[in-house]
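J.: Structure: upload05.cif, mmCIF, C-alpha atoms.
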```cif
data_structure
loop_
_atom_site.label_atom_id
_atom_site.label_comp_id
_atom_site.auth_asym_id
_atom_site.auth_seq_id
_atom_site.Cartn_x
_atom_site.Cartn_y
_atom_site.Cartn_z
CA VAL A 1 -57.88 -163.21 150.51
CA ASN A 2 -60.21 -164.09 147.68
CA GLY A 3 -63.46 -163.06 149.36
CA PRO A 4 -64.90 -160.43 151.69
CA VAL A 5 -63.25 -159.56 155.00
CA LEU A 6 -64.30 -157.20 157.76
CA ALA A 7 -62.27 -154.01 158.19
CA GLN A 8 -62.65 -152.57 161.67
CA LYS A 9 -60.73 -150.49 164.20
CA GLY A 10 -57.51 -152.40 164.73
CA GLY A 11 -57.36 -153.69 161.16
CA LEU A 12 -58.70 -156.49 159.02
CA VAL A 13 -60.24 -159.46 160.82
CA GLY A 14 -57.73 -162.32 160.77
CA ASP A 15 -54.70 -160.06 160.32
CA LYS A 16 -52.18 -159.11 162.98
CA VAL A 17 -48.92 -157.23 163.31
CA ALA A 18 -45.78 -159.22 164.02
CA GLN A 19 -44.02 -156.67 166.24
CA SER A 20 -45.81 -154.83 169.04
CA TYR A 21 -44.35 -151.47 167.98
CA HIS A 22 -46.23 -151.68 164.64
CA GLY A 23 -49.91 -150.94 164.22
CA GLY A 24 -51.92 -148.57 166.38
CA GLU A 25 -54.99 -146.47 165.83
CA ASP A 26 -53.44 -144.59 162.89
CA ALA A 27 -52.22 -147.77 161.20
CA ASP A 28 -55.22 -150.08 160.96
CA VAL A 29 -54.51 -150.87 157.31
CA CYS A 30 -51.26 -150.84 155.34
CA VAL A 31 -51.47 -149.93 151.65
CA HIS A 32 -49.02 -150.33 148.78
CA LEU A 33 -49.41 -149.66 145.07
CA LEU A 34 -49.08 -151.85 142.02
CA ASP A 35 -47.33 -148.84 140.45
CA HIS A 36 -44.51 -149.37 142.96
CA TYR A 37 -44.20 -153.07 142.22
CA ARG A 38 -44.02 -152.37 138.49
CA PHE A 39 -41.33 -149.77 139.13
CA TRP A 40 -39.16 -152.07 141.26
CA ASN A 41 -39.48 -154.96 138.83
CA GLU A 42 -38.77 -152.87 135.73
CA GLN A 43 -36.10 -150.50 137.07
CA TYR A 44 -34.27 -152.84 139.43
CA GLY A 45 -34.92 -156.27 137.90
CA MET A 46 -36.74 -157.47 140.99
CA ASP A 47 -39.55 -160.04 141.13
CA LEU A 48 -41.96 -158.50 143.63
CA HIS A 49 -45.71 -159.01 143.59
CA PRO A 50 -48.75 -157.74 145.53
CA GLY A 51 -48.54 -158.53 149.22
CA PHE A 52 -44.77 -158.96 149.19
CA VAL A 53 -44.11 -155.98 151.47
CA GLY A 54 -46.84 -157.02 153.88
CA GLU A 55 -49.56 -154.60 152.86
CA ASN A 56 -53.27 -155.26 153.38
CA PHE A 57 -54.38 -153.49 150.19
CA THR A 58 -52.56 -153.22 146.88
CA LEU A 59 -54.00 -150.41 144.74
CA ASP A 60 -53.98 -150.35 140.95
CA GLN A 61 -54.59 -147.48 138.51
CA ILE A 62 -53.52 -144.84 141.02
CA THR A 63 -50.20 -143.38 142.17
CA GLU A 64 -49.15 -141.89 145.50
CA GLU A 65 -49.14 -138.45 143.84
CA GLN A 66 -52.93 -138.83 143.66
CA ILE A 67 -53.31 -139.59 147.38
CA CYS A 68 -53.08 -136.99 150.15
CA VAL A 69 -52.84 -137.38 153.90
CA GLY A 70 -56.23 -136.91 155.47
CA ASP A 71 -58.09 -138.24 152.42
CA ILE A 72 -61.29 -140.02 153.38
CA VAL A 73 -62.01 -142.96 151.10
CA ARG A 74 -64.61 -145.65 150.85
CA VAL A 75 -63.53 -149.16 149.96
CA GLY A 76 -66.38 -151.64 149.90
CA THR A 77 -68.68 -150.65 152.75
CA ALA A 78 -65.83 -149.47 155.02
CA LEU A 79 -64.66 -145.88 155.41
CA PHE A 80 -60.96 -145.09 155.85
CA GLN A 81 -58.69 -142.08 156.30
CA VAL A 82 -55.12 -141.84 154.99
CA SER A 83 -53.06 -141.14 158.11
CA GLY A 84 -49.43 -141.08 156.95
CA SER A 85 -46.56 -142.77 155.19
CA ARG A 86 -45.13 -146.16 155.94
CA THR A 87 -41.52 -146.11 157.07
CA PRO A 88 -39.39 -148.83 155.49
CA CYS A 89 -37.45 -151.02 157.89
CA ALA A 90 -34.68 -153.59 158.10
CA ASN A 91 -37.26 -156.40 158.36
CA LEU A 92 -38.49 -155.58 154.86
CA ALA A 93 -34.92 -155.32 153.60
CA ARG A 94 -34.25 -158.85 154.84
CA ARG A 95 -37.49 -160.20 153.37
CA ILE A 96 -36.76 -158.65 149.98
CA GLY A 97 -33.11 -159.62 150.11
CA ARG A 98 -31.64 -156.18 149.43
CA LYS A 99 -29.42 -154.51 152.01
CA ASP A 100 -30.16 -151.16 150.37
CA TRP A 101 -33.96 -151.51 150.43
CA VAL A 102 -34.56 -148.77 153.02
CA LYS A 103 -32.30 -146.36 151.16
CA LEU A 104 -33.92 -147.21 147.81
CA THR A 105 -37.50 -146.74 148.95
CA ILE A 106 -36.64 -143.37 150.50
CA ARG A 107 -34.59 -142.19 147.52
CA GLU A 108 -37.23 -143.30 145.01
CA ASN A 109 -40.01 -141.94 147.27
CA ARG A 110 -42.10 -145.13 147.08
CA LEU A 111 -43.07 -145.94 150.65
CA GLY A 112 -46.71 -146.96 150.79
CA PHE A 113 -48.96 -145.63 153.54
CA TYR A 114 -51.29 -146.32 156.43
CA MET A 115 -54.99 -145.71 156.98
CA ARG A 116 -57.23 -145.64 160.03
CA VAL A 117 -60.69 -147.18 159.92
CA LEU A 118 -63.43 -144.58 160.44
CA GLU A 119 -66.40 -146.90 159.83
CA ALA A 120 -66.20 -150.67 159.91
CA GLY A 121 -67.37 -152.54 156.83
CA MET A 122 -66.70 -155.35 154.41
CA VAL A 123 -63.93 -155.12 151.81
CA GLN A 124 -62.93 -157.54 149.08
CA PRO A 125 -60.67 -157.78 146.03
CA ASP A 126 -61.63 -155.45 143.16
CA ASP A 127 -63.50 -153.00 145.41
CA ALA A 128 -63.16 -149.44 144.11
CA TRP A 129 -61.09 -146.74 145.83
CA GLN A 130 -63.66 -143.95 146.18
CA LEU A 131 -62.41 -140.58 147.38
CA GLN A 132 -65.07 -139.04 149.63
CA GLU A 133 -63.31 -135.94 150.94
CA ARG A 134 -59.93 -134.23 150.57
CA PHE A 135 -58.75 -131.86 153.31
CA ASN A 136 -55.13 -131.34 152.27
CA PRO A 137 -54.74 -130.97 148.48
CA ASP A 138 -51.11 -129.89 148.97
CA GLY A 139 -50.35 -132.89 151.19
CA SER A 140 -49.64 -135.63 148.66
CA LEU A 141 -47.75 -138.58 150.08
CA PRO A 142 -44.62 -137.89 147.97
CA ALA A 143 -44.63 -134.23 149.10
CA ILE A 144 -44.81 -135.33 152.74
CA ASN A 145 -42.02 -137.88 152.23
CA ARG A 146 -39.82 -135.40 150.38
CA CYS A 147 -40.01 -132.94 153.27
CA LEU A 148 -39.46 -135.51 156.01
CA PHE A 149 -36.76 -137.64 154.40
CA LEU A 150 -35.12 -135.92 151.44
CA ASP A 151 -35.34 -132.14 151.32
CA TYR A 152 -36.61 -130.57 154.52
CA ASP A 153 -38.72 -127.46 153.98
CA PRO A 154 -39.54 -125.67 157.27
CA VAL A 155 -42.50 -123.81 155.75
CA PHE A 156 -44.07 -127.00 154.40
CA ALA A 157 -43.25 -128.85 157.64
CA GLN A 158 -45.18 -126.21 159.56
CA ARG A 159 -48.07 -126.68 157.15
CA MET A 160 -47.91 -130.44 157.76
CA THR A 161 -48.55 -129.89 161.48
CA GLN A 162 -51.91 -128.31 160.54
CA MET A 163 -53.06 -131.01 158.12
CA GLN A 164 -56.36 -132.54 159.16
CA GLY A 165 -56.20 -136.32 159.51
CA PHE A 166 -52.40 -136.52 159.45
CA ALA A 167 -51.26 -138.77 162.31
CA ASP A 168 -50.13 -136.84 165.40
CA TRP A 169 -46.92 -138.88 165.55
CA TRP A 170 -45.94 -137.70 162.07
CA LYS A 171 -46.79 -134.11 162.96
CA GLU A 172 -44.43 -134.40 165.93
CA GLN A 173 -41.70 -135.77 163.64
CA ALA A 174 -42.11 -132.76 161.32
CA ILE A 175 -41.51 -130.45 164.30
CA GLU A 176 -38.59 -132.50 165.64
CA ARG A 177 -37.01 -132.71 162.19
CA GLY A 178 -36.90 -128.91 162.16
CA LYS A 179 -35.30 -128.74 165.60
CA GLN A 180 -32.70 -131.43 164.99
CA ARG A 181 -32.09 -130.82 161.27
CA GLU A 182 -29.39 -133.31 160.23
CA ALA A 183 -29.41 -135.21 163.54
CA HIS A 184 -33.02 -136.38 163.20
CA TRP A 185 -33.56 -140.11 162.51
CA THR A 186 -35.32 -139.45 159.19
CA THR A 187 -32.18 -137.95 157.66
CA SER A 188 -30.19 -141.16 158.12
CA LEU A 189 -32.67 -143.41 156.33
CA LYS A 190 -31.81 -142.28 152.82
CA ASP A 191 -28.24 -143.52 153.38
CA GLN A 192 -29.05 -146.55 155.52
CA VAL A 193 -27.79 -149.99 154.62
CA SER A 194 -29.16 -152.93 156.57
CA ALA A 195 -27.02 -155.84 157.65
#
```
Let's see the structure in the file written out as structure tokens.
T.:
Amino acid sequence: VNGPVLAQKGGLVGDKVAQSYHGGEDADVCVHLLDHYRFWNEQYGMDLHPGFVGENFTLDQITEEQICVGDIVRVGTALFQVSGSRTPCANLARRIGRKDWVKLTIRENRLGFYMRVLEAGMVQPDDAWQLQERFNPDGSLPAINRCLFLDYDPVFAQRMTQMQGFADWWKEQAIERGKQREAHWTTSLKDQVSA
């Protein structure tokens, strides 16, 4: 959009999720980074641009290393909390036109993330990303993704289950990943190829 839009519980007014299994109280807003788009276009010769992977916000001048689960941020007059990573799927692979998209995003650790709305408010292009509070300085998004998808660390996974603001579903996955080790669904994503 080119003007202000209301962010509220459930997401941005006028937006909706295509599949019923997406969304939820921990996924009001989907966020991606311009840093990722630059990476894909430069390293893989792609022609992706903001909004291409279906995100609501595209952030510039920040990387996922600078964002931690549980972070409370103000954008415009709305207040949000980073709740967890976005999991790439076959739908995105088809949209982008790369059968290896899921595998690439996992391997390159460039997933994007979700936020819940804590306080409704107006947001618009060029609003600043203002960090209000950080609960989990060791819980950067790439660190979370590395543990869940690439290099499971049982000590860090246990720490993840205690991270304030981290979505309960992801905490459960951290526990299950430890129980199932190589049989857990997250381990197959780094090698997945979509039809």
J.: Of the residues A:Gly84, A:Gly178, A:Pro50, A:Pro125, which is the one nearest to Pro142 in chain A, using all atoms listed in the file?
T.: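 Of all the options, A:Gly84 lies closest to Pro142 in chain A.
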J.: Can you turn the PyMOL selection byres ((chain A and resi 29-44) around 6) into a concrete residue list for this file, as a list of chain:residue names?
T.: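 Checking the PyMOL selection byres ((chain A and resi 29-44) around 6) against this file, the residues are A:Gly11, A:Ala27, A:Asp28, A:Gly45, A:Met46, A:Asp47, A:Glu55, A:Asn56, A:Phe57, A:Thr58, A:Leu59, A:Asp60, A:Gly112, A:Phe113, A:Tyr114, A:Met115.
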J.: With all atoms listed in the file as the basis for distance, which of A:Arg74, A:Lys103, A:Arg95, A:Arg159 is at the shortest distance from Val123 in chain A?
T.: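 Looking at the shortest contact to Val123 in chain A, the residue is A:Arg74.
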J.: From the options A:Ile62, A:Ala78, A:Met160, A:Val17, which residue's atoms come nearest to Val5 in chain A, counting all atoms listed in the file?
T.: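 Ranked by minimum distance to Val5 in chain A, first place goes to A:Ala78.
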J.: Quick one: residues within 8 Å of range 143-151 of chain A, all atoms listed in the file counted, chain neighbours fewer than 3 positions away excluded, as a list in words?
T.: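 Surrounding residues, per the criterion: Ser85, Ile106, Arg107, Asn109, Asp138, Gly139, Ser140, Phe156, Ala157, Met160, Gln173, Ala174, Arg177, Thr186, Thr187, Leu189 and Lys190 of chain A.
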J.: For Thr77 in chain A, list every protein, DNA or RNA residue within 9 Å, evaluated using only C-alpha atoms, and leave out those in the same chain fewer than 4 positions away; present the list as an MDAnalysis selection string.
T.: chainID A and resid 119:123
J.: Quick one: pull the distance between CA of Leu111 in chain A and CA of Gln124 in chain A, Å, one decimal.
T.: 23.1 Å
J.: Interatomic distance between CA of Lys99 in chain A and CA of Leu141 in chain A?
T.: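 So the two atoms, CA of Lys99 in chain A and CA of Leu141 in chain A, lie 24.4 Å apart.
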J.: Nearest to Val73 in chain A among A:Leu118, A:Leu131, A:Val53, A:Ile96, with distances taken over all atoms listed in the file: which residue is it?
T.: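 For Val73 in chain A, the nearest of the given residues is A:Leu131.
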J.: So the first atom is CA of Phe135 in chain A and the second is CA of Lys179 in chain A; what is the distance between them in Å, to one decimal place?
T.: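 One can read the CA of Phe135 in chain A to CA of Lys179 in chain A distance as 26.7 Å.
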J.: Quick one: residues within 12 Å of Gly14 in chain A, all atoms listed in the file, excluding same-chain residues fewer than 4 positions away - as a PyMOL selection string?
T.: chain A and resi 1+4-8+10+56
J.: Name the residues captured by the PyMOL selection byres ((chain A and resi 134) around 8) when it is applied to the shown file; answer as a tab-separated table (two decimals) with C-alpha atoms, in the coordinates of the input.
T.:
```tsv
chain	number	residue	atom	x	y	z
A	68	CYS	CA	-53.08	-136.99	150.15
A	70	GLY	CA	-56.23	-136.91	155.47
A	71	ASP	CA	-58.09	-138.24	152.42
A	72	ILE	CA	-61.29	-140.02	153.38
A	131	LEU	CA	-62.41	-140.58	147.38
A	132	GLN	CA	-65.07	-139.04	149.63
A	133	GLU	CA	-63.31	-135.94	150.94
A	135	PHE	CA	-58.75	-131.86	153.31
A	136	ASN	CA	-55.13	-131.34	152.27
A	137	PRO	CA	-54.74	-130.97	148.48
```
J.: May I have the centre and edge lengths, in Å to one decimal, of an axis-aligned box around the listed atoms of range 48-63 of chain A with 8 Å added to every side, as JSON?
T.:
```
{"center_x": -48.3, "center_y": -151.2, "center_z": 146.2, "size_x": 28.6, "size_y": 31.6, "size_z": 31.4}
```
J.: Can you translate the PyMOL selection byres ((chain A and resi 26) around 6) into the concrete residues it hits in this file, as number ranges by chain?
T.: A: 24-25, 27, 83, 116
